[in-house]
>>> print(open('work-v8.txt').read())   # compact mmCIF, C-alpha atoms
# COMPACT_ATOMS: atom_id res chain seq x y z
CA MET A 185 0.00 0.00 0.00
CA ILE A 186 2.86 2.39 0.82
CA ALA A 187 4.47 1.73 -2.57
CA ASP A 188 1.19 2.51 -4.34
CA PHE A 189 0.66 5.66 -2.30
CA ARG A 190 4.04 6.98 -3.45
CA HIS A 191 2.68 7.22 -6.98
CA ARG A 192 -0.14 9.53 -5.90
CA ARG A 193 1.44 12.96 -6.27
CA ALA A 194 -1.55 14.84 -4.91
CA GLY A 195 -1.57 12.63 -1.84
CA LEU A 196 2.17 13.10 -1.31
CA VAL A 197 1.81 16.88 -1.56
CA GLY A 198 -1.02 16.82 0.98
CA LEU A 199 0.93 14.53 3.31
CA ALA A 200 4.05 16.71 3.12
CA PHE A 201 2.04 19.82 3.96
CA LEU A 202 0.36 18.09 6.90
CA VAL A 203 3.73 16.93 8.25
CA LEU A 204 5.12 20.46 8.05
CA THR A 205 2.01 21.86 9.74
CA ALA A 206 2.19 19.28 12.52
CA VAL A 207 5.90 19.94 13.11
CA ALA A 208 5.29 23.70 13.27
CA ALA A 209 2.40 23.20 15.71
CA LEU A 210 4.39 20.88 17.97
CA ALA A 211 7.44 23.17 17.94
CA ALA A 212 5.40 26.35 18.52
CA PRO A 213 6.18 26.59 22.28
CA LEU A 214 9.89 26.73 21.43
CA PHE A 215 9.65 30.09 19.65
CA ILE A 216 6.27 31.53 20.72
CA SER A 217 6.10 32.83 24.28
CA ALA A 218 3.10 33.51 26.49
CA GLU A 219 3.54 37.26 25.94
CA ASP A 220 3.19 36.75 22.19
CA LEU A 221 -0.29 35.31 22.74
CA SER A 222 -1.35 37.60 25.60
CA ALA A 223 -4.13 40.07 25.00
CA VAL A 224 -2.59 42.38 27.63
CA PHE A 225 1.15 42.13 26.93
CA ALA A 226 0.96 41.77 23.15
CA PRO A 227 4.17 42.96 21.46
CA GLY A 228 2.59 45.05 18.72
CA VAL A 229 0.05 47.76 18.00
CA PRO A 230 -3.52 46.50 17.50
CA ARG A 231 -4.53 45.90 13.87
CA GLN A 232 -1.16 46.88 12.46
CA ALA A 233 -0.73 46.19 8.74
CA PRO A 234 1.97 43.76 7.57
CA SER A 235 5.47 45.17 7.92
CA GLY A 236 9.07 44.07 8.23
CA HIS A 237 8.61 43.42 11.96
CA PHE A 238 5.20 41.71 11.68
CA LEU A 239 5.15 39.90 8.37
CA LEU A 240 1.41 39.21 8.50
CA GLY A 241 0.44 42.18 10.66
CA THR A 242 -1.21 42.04 14.09
CA ASP A 243 -4.68 41.20 15.34
CA ALA A 244 -7.04 43.30 17.42
CA TYR A 245 -4.88 42.78 20.53
CA GLY A 246 -1.57 43.52 18.84
CA ARG A 247 -0.47 39.90 18.62
CA SER A 248 1.56 38.77 15.64
CA MET A 249 -0.66 37.00 13.13
CA VAL A 250 2.21 34.63 12.36
CA ALA A 251 2.34 33.53 16.01
CA VAL A 252 -1.45 33.36 16.32
CA THR A 253 -1.82 31.30 13.15
CA ILE A 254 0.93 28.83 14.06
CA TRP A 255 -0.33 28.43 17.62
CA GLY A 256 -3.90 28.10 16.40
CA ALA A 257 -2.89 24.98 14.51
CA ARG A 258 -2.36 23.22 17.84
CA ILE A 259 -6.00 23.57 18.92
CA SER A 260 -7.55 23.16 15.47
CA LEU A 261 -5.56 20.02 14.63
CA THR A 262 -6.09 18.54 18.09
CA VAL A 263 -9.84 19.06 17.93
CA GLY A 264 -9.99 17.74 14.38
CA LEU A 265 -8.03 14.59 15.19
CA LEU A 266 -9.80 13.82 18.48
CA ALA A 267 -13.24 14.44 16.99
CA THR A 268 -12.35 12.21 14.05
CA LEU A 269 -11.12 9.48 16.39
CA LEU A 270 -14.43 9.64 18.27
CA ALA A 271 -16.55 9.75 15.12
CA VAL A 272 -14.73 6.91 13.35
CA GLY A 273 -14.71 4.86 16.55
CA ILE A 274 -18.48 5.17 16.94
CA GLY A 275 -19.01 4.58 13.23
CA ALA A 276 -16.79 1.48 13.25
CA LEU A 277 -18.58 0.04 16.28
CA VAL A 278 -22.01 0.60 14.76
CA GLY A 279 -20.98 -0.53 11.26
CA VAL A 280 -19.26 -3.73 12.34
CA ALA A 281 -22.09 -4.68 14.70
CA ALA A 282 -24.75 -4.00 12.07
CA GLY A 283 -22.94 -5.89 9.32
CA HIS A 284 -21.93 -8.84 11.47
CA PHE A 285 -25.11 -9.53 13.43
CA GLY A 286 -27.61 -8.52 10.74
CA GLY A 287 -31.33 -9.03 11.39
CA TRP A 288 -33.02 -6.71 13.83
CA VAL A 289 -29.68 -5.40 15.11
CA ASP A 290 -28.80 -4.20 11.62
CA THR A 291 -32.25 -2.70 11.13
CA VAL A 292 -32.24 -0.76 14.40
CA LEU A 293 -28.67 0.52 14.05
CA MET A 294 -29.16 1.59 10.44
CA ARG A 295 -32.41 3.40 11.20
CA VAL A 296 -30.62 5.33 13.95
CA THR A 297 -27.80 6.04 11.51
CA ASP A 298 -30.29 7.26 8.89
CA TRP A 299 -31.86 9.56 11.47
CA PHE A 300 -28.49 11.18 12.16
CA LEU A 301 -27.72 11.36 8.44
CA VAL A 302 -30.78 13.44 7.60
CA LEU A 303 -30.06 15.94 10.37
CA PRO A 304 -27.77 18.87 9.46
CA VAL A 305 -24.46 18.10 11.18
CA LEU A 306 -23.63 21.75 11.87
CA VAL A 307 -27.04 22.46 13.37
CA LEU A 308 -26.89 19.39 15.61
CA ALA A 309 -23.30 20.14 16.66
CA THR A 310 -24.26 23.74 17.42
CA ALA A 311 -27.18 22.58 19.54
CA LEU A 312 -24.96 20.19 21.52
CA ALA A 313 -22.20 22.76 21.97
CA SER A 314 -24.68 25.39 23.17
CA VAL A 315 -26.13 23.22 25.95
CA LEU A 316 -22.78 21.91 27.19
CA THR A 317 -20.06 23.86 28.99
CA PRO A 318 -18.07 25.83 26.40
CA GLY A 319 -14.61 24.38 25.84
CA VAL A 320 -12.42 22.34 23.57
CA GLY A 321 -13.73 19.06 24.98
CA THR A 322 -17.30 20.13 24.28
CA VAL A 323 -16.44 20.89 20.66
CA VAL A 324 -14.76 17.48 20.28
CA ILE A 325 -17.84 15.72 21.67
CA ALA A 326 -20.25 17.82 19.60
CA ILE A 327 -18.41 17.02 16.36
CA GLY A 328 -17.66 13.39 17.21
CA VAL A 329 -21.22 12.37 18.08
CA THR A 330 -22.63 13.98 14.93
CA ALA A 331 -20.05 12.98 12.30
CA TRP A 332 -20.09 9.18 12.71
CA PRO A 333 -22.99 8.08 10.41
CA THR A 334 -20.96 8.22 7.18
CA ALA A 335 -18.23 6.06 8.72
CA ALA A 336 -20.87 3.63 10.00
CA ARG A 337 -22.34 3.21 6.51
CA VAL A 338 -18.94 2.66 4.91
CA VAL A 339 -17.79 0.16 7.56
CA ARG A 340 -21.08 -1.74 7.40
CA ALA A 341 -20.77 -2.17 3.63
CA GLN A 342 -17.22 -3.48 3.98
CA THR A 343 -18.26 -5.76 6.86
CA LEU A 344 -21.00 -7.31 4.72
CA SER A 345 -18.43 -7.93 2.00
CA VAL A 346 -16.05 -9.61 4.45
CA GLU A 347 -18.85 -11.67 6.00
CA SER A 348 -19.57 -13.29 2.63
CA ARG A 349 -16.05 -14.71 2.28
CA PRO A 350 -15.46 -18.44 2.83
CA TYR A 351 -12.93 -18.10 5.66
CA ILE A 352 -15.55 -16.38 7.82
CA GLU A 353 -17.85 -19.38 7.47
CA ARG A 354 -14.91 -21.66 8.23
CA ALA A 355 -14.07 -19.68 11.38
CA LYS A 356 -17.67 -19.93 12.57
CA ALA A 357 -17.79 -23.65 11.79
CA LEU A 358 -14.67 -24.17 13.91
CA GLY A 359 -16.40 -22.60 16.88
CA GLY A 360 -15.28 -18.98 16.57
CA GLY A 361 -17.61 -16.71 18.51
CA HIS A 362 -18.83 -13.24 17.55
CA TRP A 363 -16.00 -11.45 19.36
CA HIS A 364 -13.37 -13.72 17.79
CA VAL A 365 -14.71 -13.25 14.27
CA MET A 366 -15.04 -9.49 14.60
CA ARG A 367 -11.65 -9.00 16.25
CA ARG A 368 -9.55 -11.45 14.22
CA HIS A 369 -11.19 -11.35 10.80
CA ILE A 370 -13.48 -8.36 10.29
CA LEU A 371 -11.57 -5.53 11.95
CA PRO A 372 -8.25 -6.20 10.13
CA ASN A 373 -10.11 -6.05 6.82
CA VAL A 374 -12.00 -2.83 7.55
CA MET A 375 -9.12 -0.97 9.22
CA PRO A 376 -7.58 0.34 5.94
CA LEU A 377 -10.98 1.64 4.88
CA MET A 378 -11.45 3.26 8.28
CA LEU A 379 -8.09 5.00 7.88
CA ALA A 380 -9.10 6.45 4.53
CA GLN A 381 -12.45 7.55 5.97
CA ALA A 382 -10.68 9.14 8.94
CA THR A 383 -8.49 11.33 6.75
CA LEU A 384 -11.58 12.62 4.97
CA THR A 385 -13.41 13.17 8.26
CA VAL A 386 -10.59 15.25 9.76
CA SER A 387 -11.01 18.00 7.17
CA ALA A 388 -14.73 18.24 7.89
CA ALA A 389 -14.06 18.22 11.64
CA ILE A 390 -11.58 21.10 11.36
CA LEU A 391 -14.07 23.12 9.33
CA THR A 392 -16.81 22.40 11.86
CA GLU A 393 -14.52 23.38 14.76
CA ALA A 394 -13.73 26.66 13.05
CA THR A 395 -17.43 27.30 12.49
CA LEU A 396 -18.36 26.55 16.11
CA ALA A 397 -15.52 28.75 17.37
CA PHE A 398 -16.59 31.49 14.96
CA LEU A 399 -20.08 31.29 16.47
CA GLY A 400 -18.60 31.69 19.96
CA LEU A 401 -19.30 28.11 21.09
CA SER A 402 -15.67 27.20 21.80
CA ASP A 403 -13.34 28.30 24.58
CA PRO A 404 -12.55 31.99 23.84
CA THR A 405 -9.36 31.79 25.91
CA LYS A 406 -7.84 29.22 23.54
CA VAL A 407 -6.13 30.45 20.39
CA SER A 408 -7.44 28.55 17.38
CA TRP A 409 -8.14 29.46 13.80
CA GLY A 410 -11.85 29.67 14.54
CA THR A 411 -11.49 31.95 17.57
CA THR A 412 -9.12 34.18 15.57
CA LEU A 413 -11.77 34.59 12.88
CA GLN A 414 -14.41 35.19 15.54
CA LEU A 415 -12.30 37.98 17.05
CA ALA A 416 -11.81 39.51 13.60
CA ARG A 417 -15.57 39.54 13.09
CA ALA A 418 -16.19 41.02 16.53
CA VAL A 419 -13.87 43.98 15.91
CA GLY A 420 -15.23 44.65 12.42
CA ALA A 421 -12.13 43.63 10.49
CA VAL A 422 -14.21 42.84 7.41
CA SER A 423 -15.82 46.26 7.11
CA ALA A 424 -12.57 47.99 8.05
CA GLY A 425 -10.62 46.18 5.33
CA ASP A 426 -8.13 44.59 7.74
CA TRP A 427 -7.62 41.60 5.47
CA TRP A 428 -4.44 40.47 7.23
CA ILE A 429 -6.48 39.45 10.30
CA LEU A 430 -8.77 37.24 8.21
CA LEU A 431 -6.48 35.81 5.55
CA PRO A 432 -3.92 33.76 7.59
CA PRO A 433 -6.37 31.66 9.67
CA GLY A 434 -8.81 31.35 6.76
CA ALA A 435 -6.09 30.22 4.38
CA ALA A 436 -4.73 27.80 6.99
CA ILE A 437 -8.16 26.17 7.42
CA ILE A 438 -8.59 25.79 3.67
CA ALA A 439 -5.06 24.47 3.14
CA VAL A 440 -5.23 21.87 5.92
CA ALA A 441 -8.72 20.73 4.92
CA LEU A 442 -7.57 20.38 1.30
CA ALA A 443 -4.42 18.49 2.36
CA PHE A 444 -6.42 15.95 4.39
CA THR A 445 -8.83 15.55 1.47
CA LEU A 446 -5.96 14.89 -0.96
CA VAL A 447 -4.48 12.28 1.38
CA GLY A 448 -7.88 10.67 1.90
CA ARG A 449 -8.63 10.48 -1.83
CA ALA A 450 -5.20 9.02 -2.51
CA LEU A 451 -5.75 6.34 0.14
CA GLU A 452 -9.15 5.53 -1.36
CA GLN A 453 -7.55 5.03 -4.77
CA VAL A 454 -4.84 2.81 -3.29
CA LEU A 455 -7.35 0.68 -1.39
CA ASN A 456 -9.81 0.54 -4.30
CA PRO A 457 -7.96 0.74 -7.67
CA ARG A 458 -11.29 0.72 -9.54
CA LEU A 459 -11.79 4.34 -8.42
CA GLN A 460 -8.68 5.29 -10.40
CA GLU A 461 -9.99 3.45 -13.47
CA ARG A 462 -13.18 5.50 -13.43
CA MET A 463 -11.30 8.79 -13.33
>>> encode(input="work-v8.txt", output="structure tokens")
Amino acid sequence: MIADFRHRRAGLVGLAFLVLTAVAALAAPLFISAEDLSAVFAPGVPRQAPSGHFLLGTDAYGRSMVAVTIWGARISLTVGLLATLLAVGIGALVGVAAGHFGGWVDTVLMRVTDWFLVLPVLVLATALASVLTPGVGTVVIAIGVTAWPTAARVVRAQTLSVESRPYIERAKALGGGHWHVMRRHILPNVMPLMLAQATLTVSAAILTEATLAFLGLSDPTKVSWGTTLQLARAVGAVSAGDWWILLPPGAAIIAVALAFTLVGRALEQVLNPRLQERM
């Protein structure tokens, strides 16, 4: 699979960008101090245009937009990854159970999944985030418990395909129980598909996190791309023409979401070569 992925240039470009973004986010505490992110002890003048000292200008508090954007990657990526882990975990559990047990279990689980699918994810996530205590954990839960239906559908379809293979019948005939079959035979076969689905879900989770933060439903004390955009809206940066406050976090969200999508599509093509034939 790794050898095939190397031939997907778009996926390699997306992966390289994600690695660079992750390294910059992890190394941020080494070159960004607490004063750089402080609303009281900010090093610059509020809403200063880009200059030699502040390459991307400053925000409404006088903080460097370079520092704010790099530090914001820590929260945005963390929320996106944790929410994706929760969503794919729930989706995998529901999908494997529905595909393996079938019958009334499949019917009930899929009807619940369909109910979540027809509901607008953003509206449901906003409702959950508004009734829970504002914070990063709340955003993770709100996104995770609303983004799992697609993963459940994909995993269920793959589980049904695996269940029809002869070695599954042989394992059952030899006395393998439900847990043994799911753990030893089904999960290893659906894991690659879950990985591809996860990379696609991360981009949507990051966009949803930015939207919730923009609506003021995240922790305002945490610097993320969404809270940076929310601050820009609150101070009227759009009407004032202070584009440098909006462009860095907005471009970062778009770039990271696109990178995850490129990696996810490349993984899908590697795992299912017929997708490449249709293109």
>>> residues_around(input="work-v8.txt", residues="A:Ala389", least_positions_apart="4", cutoff="9 Å", atoms="only C-alpha atoms", output="mmCIF file with C-alpha atoms, in the frame of the given file")
data_model
loop_
_atom_site.group_PDB
_atom_site.id
_atom_site.type_symbol
_atom_site.label_atom_id
_atom_site.label_comp_id
_atom_site.auth_asym_id
_atom_site.auth_seq_id
_atom_site.Cartn_x
_atom_site.Cartn_y
_atom_site.Cartn_z
ATOM 1 C CA VAL A 263 -9.840 19.060 17.930
ATOM 2 C CA GLY A 264 -9.990 17.740 14.380
ATOM 3 C CA LEU A 265 -8.030 14.590 15.190
ATOM 4 C CA ALA A 267 -13.240 14.440 16.990
ATOM 5 C CA THR A 268 -12.350 12.210 14.050
ATOM 6 C CA VAL A 324 -14.760 17.480 20.280
ATOM 7 C CA ILE A 327 -18.410 17.020 16.360
ATOM 8 C CA GLY A 328 -17.660 13.390 17.210
ATOM 9 C CA ALA A 331 -20.050 12.980 12.300
ATOM 10 C CA THR A 385 -13.410 13.170 8.260
ATOM 11 C CA GLU A 393 -14.520 23.380 14.760
ATOM 12 C CA ALA A 394 -13.730 26.660 13.050
ATOM 13 C CA ALA A 441 -8.720 20.730 4.920
#
>>> atom_distance(input="work-v8.txt", atom1="atom CA of A:Ala439", atom2="atom CA of A:Glu219")
27.5 Å
>>> closest_residue(input="work-v8.txt", among="A:Gly273, A:Gly410, A:Pro304, A:Gly228", to="A:Leu430", atoms="only C-alpha atoms")
A:Gly410
>>> closest_residue(input="work-v8.txt", among="A:Leu277, A:Ala257, A:Val329, A:Val302", to="A:Arg367", atoms="only C-alpha atoms")
A:Leu277
>>> closest_residue(input="work-v8.txt", among="A:Arg337, A:His364, A:Arg417, A:Lys406", to="A:Trp255", atoms="all atoms listed in the file")
A:Lys406
>>> closest_residue(input="work-v8.txt", among="A:Ala357, A:Ile254, A:Ala380, A:Leu396", to="A:Ala311", atoms="all atoms listed in the file")
A:Leu396
>>> closest_residue(input="work-v8.txt", among="A:Leu413, A:Val280, A:Val419, A:Ile438", to="A:Leu344", atoms="all atoms listed in the file")
A:Val280
>>> residues_around(input="work-v8.txt", residues="A:Thr411", least_positions_apart="6", cutoff="7 Å", atoms="all atoms listed in the file", output="list in words")
Ala397, Phe398 and Pro404 of chain A
>>> closest_residue(input="work-v8.txt", among="A:Gly420, A:Gly198, A:Pro230, A:Gly400", to="A:Ala313", atoms="only C-alpha atoms")
A:Gly400
>>> residues_around(input="work-v8.txt", residues="A:Asp403", least_positions_apart="6", cutoff="7 Å", atoms="all atoms listed in the file", output="JSON, numbers by chain")
{"A": [318, 319, 320]}
>>> residues_around(input="work-v8.txt", residues="stretch 202-218 of chain A", least_positions_apart="6", cutoff="10 Å", atoms="only C-alpha atoms", output="PyMOL selection string")
chain A and resi 196+225-226+250-262+436+439-444+447
>>> write_last_selection(input="work-v8.txt", atoms="C-alpha atoms", output="PDB file, keeping the file's coordinate frame")
ATOM      1  CA  LEU A 196       2.170  13.100  -1.310  1.00  0.00           C
ATOM      2  CA  PHE A 225       1.150  42.130  26.930  1.00  0.00           C
ATOM      3  CA  ALA A 226       0.960  41.770  23.150  1.00  0.00           C
ATOM      4  CA  VAL A 250       2.210  34.630  12.360  1.00  0.00           C
ATOM      5  CA  ALA A 251       2.340  33.530  16.010  1.00  0.00           C
ATOM      6  CA  VAL A 252      -1.450  33.360  16.320  1.00  0.00           C
ATOM      7  CA  THR A 253      -1.820  31.300  13.150  1.00  0.00           C
ATOM      8  CA  ILE A 254       0.930  28.830  14.060  1.00  0.00           C
ATOM      9  CA  TRP A 255      -0.330  28.430  17.620  1.00  0.00           C
ATOM     10  CA  GLY A 256      -3.900  28.100  16.400  1.00  0.00           C
ATOM     11  CA  ALA A 257      -2.890  24.980  14.510  1.00  0.00           C
ATOM     12  CA  ARG A 258      -2.360  23.220  17.840  1.00  0.00           C
ATOM     13  CA  ILE A 259      -6.000  23.570  18.920  1.00  0.00           C
ATOM     14  CA  SER A 260      -7.550  23.160  15.470  1.00  0.00           C
ATOM     15  CA  LEU A 261      -5.560  20.020  14.630  1.00  0.00           C
ATOM     16  CA  THR A 262      -6.090  18.540  18.090  1.00  0.00           C
ATOM     17  CA  ALA A 436      -4.730  27.800   6.990  1.00  0.00           C
ATOM     18  CA  ALA A 439      -5.060  24.470   3.140  1.00  0.00           C
ATOM     19  CA  VAL A 440      -5.230  21.870   5.920  1.00  0.00           C
ATOM     20  CA  ALA A 441      -8.720  20.730   4.920  1.00  0.00           C
ATOM     21  CA  LEU A 442      -7.570  20.380   1.300  1.00  0.00           C
ATOM     22  CA  ALA A 443      -4.420  18.490   2.360  1.00  0.00           C
ATOM     23  CA  PHE A 444      -6.420  15.950   4.390  1.00  0.00           C
ATOM     24  CA  VAL A 447      -4.480  12.280   1.380  1.00  0.00           C
TER      25      VAL A 447
END
>>> residues_around(input="work-v8.txt", residues="A:Val296", least_positions_apart="3", cutoff="12 Å", atoms="all atoms listed in the file", output="ChimeraX atom specification")
/A:275,278-279,282,289-293,299-303,330,332-333,336-337
>>> write_last_selection(input="work-v8.txt", atoms="C-alpha atoms", output="short mmCIF file (atom, residue, chain, number, x, y, z; two decimals), in the frame of the given file")
data_model
loop_
_atom_site.label_atom_id
_atom_site.label_comp_id
_atom_site.auth_asym_id
_atom_site.auth_seq_id
_atom_site.Cartn_x
_atom_site.Cartn_y
_atom_site.Cartn_z
CA GLY A 275 -19.01 4.58 13.23
CA VAL A 278 -22.01 0.60 14.76
CA GLY A 279 -20.98 -0.53 11.26
CA ALA A 282 -24.75 -4.00 12.07
CA VAL A 289 -29.68 -5.40 15.11
CA ASP A 290 -28.80 -4.20 11.62
CA THR A 291 -32.25 -2.70 11.13
CA VAL A 292 -32.24 -0.76 14.40
CA LEU A 293 -28.67 0.52 14.05
CA TRP A 299 -31.86 9.56 11.47
CA PHE A 300 -28.49 11.18 12.16
CA LEU A 301 -27.72 11.36 8.44
CA VAL A 302 -30.78 13.44 7.60
CA LEU A 303 -30.06 15.94 10.37
CA THR A 330 -22.63 13.98 14.93
CA TRP A 332 -20.09 9.18 12.71
CA PRO A 333 -22.99 8.08 10.41
CA ALA A 336 -20.87 3.63 10.00
CA ARG A 337 -22.34 3.21 6.51
#
>>> atom_distance(input="work-v8.txt", atom1="atom CA of A:Pro376", atom2="atom CA of A:Leu451")
8.5 Å
>>> build_atoms(input="work-v8.txt", residues="stretch 371-380 of chain A", atoms="all heavy atoms", output="PDB file, in the coordinates of the input")
ATOM      1  N   LEU A 371     -12.279  -6.785  11.697  1.00  0.00           N
ATOM      2  CA  LEU A 371     -11.570  -5.530  11.950  1.00  0.00           C
ATOM      3  C   LEU A 371     -10.302  -5.357  11.106  1.00  0.00           C
ATOM      4  O   LEU A 371     -10.076  -4.277  10.550  1.00  0.00           O
ATOM      5  CB  LEU A 371     -11.244  -5.394  13.442  1.00  0.00           C
ATOM      6  CG  LEU A 371     -12.365  -4.885  14.332  1.00  0.00           C
ATOM      7  CD1 LEU A 371     -11.912  -4.830  15.778  1.00  0.00           C
ATOM      8  CD2 LEU A 371     -12.832  -3.504  13.881  1.00  0.00           C
ATOM      9  N   PRO A 372      -9.435  -6.382  10.986  1.00  0.00           N
ATOM     10  CA  PRO A 372      -8.250  -6.200  10.130  1.00  0.00           C
ATOM     11  C   PRO A 372      -8.582  -5.863   8.689  1.00  0.00           C
ATOM     12  O   PRO A 372      -7.804  -5.179   8.018  1.00  0.00           O
ATOM     13  CB  PRO A 372      -7.533  -7.558  10.235  1.00  0.00           C
ATOM     14  CG  PRO A 372      -7.978  -8.116  11.546  1.00  0.00           C
ATOM     15  CD  PRO A 372      -9.401  -7.677  11.687  1.00  0.00           C
ATOM     16  N   ASN A 373      -9.731  -6.308   8.211  1.00  0.00           N
ATOM     17  CA  ASN A 373     -10.110  -6.050   6.820  1.00  0.00           C
ATOM     18  C   ASN A 373     -10.770  -4.691   6.631  1.00  0.00           C
ATOM     19  O   ASN A 373     -10.773  -4.162   5.514  1.00  0.00           O
ATOM     20  CB  ASN A 373     -11.044  -7.153   6.316  1.00  0.00           C
ATOM     21  CG  ASN A 373     -10.311  -8.438   6.010  1.00  0.00           C
ATOM     22  OD1 ASN A 373      -9.708  -8.584   4.955  1.00  0.00           O
ATOM     23  ND2 ASN A 373     -10.344  -9.375   6.946  1.00  0.00           N
ATOM     24  N   VAL A 374     -11.351  -4.140   7.685  1.00  0.00           N
ATOM     25  CA  VAL A 374     -12.000  -2.830   7.550  1.00  0.00           C
ATOM     26  C   VAL A 374     -11.104  -1.687   8.035  1.00  0.00           C
ATOM     27  O   VAL A 374     -11.412  -0.524   7.772  1.00  0.00           O
ATOM     28  CB  VAL A 374     -13.341  -2.794   8.331  1.00  0.00           C
ATOM     29  CG1 VAL A 374     -14.275  -3.881   7.836  1.00  0.00           C
ATOM     30  CG2 VAL A 374     -13.115  -2.922   9.831  1.00  0.00           C
ATOM     31  N   MET A 375     -10.002  -2.010   8.703  1.00  0.00           N
ATOM     32  CA  MET A 375      -9.120  -0.970   9.220  1.00  0.00           C
ATOM     33  C   MET A 375      -8.568  -0.047   8.122  1.00  0.00           C
ATOM     34  O   MET A 375      -8.567   1.181   8.290  1.00  0.00           O
ATOM     35  CB  MET A 375      -7.977  -1.592  10.007  1.00  0.00           C
ATOM     36  CG  MET A 375      -8.356  -2.018  11.419  1.00  0.00           C
ATOM     37  SD  MET A 375      -8.822  -0.610  12.452  1.00  0.00           S
ATOM     38  CE  MET A 375      -7.239   0.227  12.599  1.00  0.00           C
ATOM     39  N   PRO A 376      -8.068  -0.575   6.986  1.00  0.00           N
ATOM     40  CA  PRO A 376      -7.580   0.340   5.940  1.00  0.00           C
ATOM     41  C   PRO A 376      -8.660   1.299   5.455  1.00  0.00           C
ATOM     42  O   PRO A 376      -8.395   2.482   5.211  1.00  0.00           O
ATOM     43  CB  PRO A 376      -7.120  -0.607   4.827  1.00  0.00           C
ATOM     44  CG  PRO A 376      -6.806  -1.883   5.535  1.00  0.00           C
ATOM     45  CD  PRO A 376      -7.820  -1.979   6.628  1.00  0.00           C
ATOM     46  N   LEU A 377      -9.875   0.787   5.316  1.00  0.00           N
ATOM     47  CA  LEU A 377     -10.980   1.640   4.880  1.00  0.00           C
ATOM     48  C   LEU A 377     -11.301   2.693   5.938  1.00  0.00           C
ATOM     49  O   LEU A 377     -11.626   3.847   5.615  1.00  0.00           O
ATOM     50  CB  LEU A 377     -12.205   0.792   4.583  1.00  0.00           C
ATOM     51  CG  LEU A 377     -13.349   1.483   3.828  1.00  0.00           C
ATOM     52  CD1 LEU A 377     -12.875   1.911   2.445  1.00  0.00           C
ATOM     53  CD2 LEU A 377     -14.541   0.550   3.711  1.00  0.00           C
ATOM     54  N   MET A 378     -11.220   2.309   7.199  1.00  0.00           N
ATOM     55  CA  MET A 378     -11.450   3.260   8.280  1.00  0.00           C
ATOM     56  C   MET A 378     -10.396   4.362   8.276  1.00  0.00           C
ATOM     57  O   MET A 378     -10.694   5.533   8.555  1.00  0.00           O
ATOM     58  CB  MET A 378     -11.449   2.530   9.626  1.00  0.00           C
ATOM     59  CG  MET A 378     -12.656   1.643   9.858  1.00  0.00           C
ATOM     60  SD  MET A 378     -12.451   0.538  11.281  1.00  0.00           S
ATOM     61  CE  MET A 378     -12.070   1.719  12.586  1.00  0.00           C
ATOM     62  N   LEU A 379      -9.153   4.003   7.954  1.00  0.00           N
ATOM     63  CA  LEU A 379      -8.090   5.000   7.880  1.00  0.00           C
ATOM     64  C   LEU A 379      -8.363   6.020   6.785  1.00  0.00           C
ATOM     65  O   LEU A 379      -8.213   7.229   6.990  1.00  0.00           O
ATOM     66  CB  LEU A 379      -6.754   4.301   7.626  1.00  0.00           C
ATOM     67  CG  LEU A 379      -5.531   5.206   7.442  1.00  0.00           C
ATOM     68  CD1 LEU A 379      -5.299   6.056   8.680  1.00  0.00           C
ATOM     69  CD2 LEU A 379      -4.287   4.380   7.118  1.00  0.00           C
ATOM     70  N   ALA A 380      -8.777   5.535   5.619  1.00  0.00           N
ATOM     71  CA  ALA A 380      -9.100   6.450   4.530  1.00  0.00           C
ATOM     72  C   ALA A 380     -10.288   7.338   4.900  1.00  0.00           C
ATOM     73  O   ALA A 380     -10.286   8.545   4.620  1.00  0.00           O
ATOM     74  CB  ALA A 380      -9.421   5.657   3.261  1.00  0.00           C
TER      75      ALA A 380
END
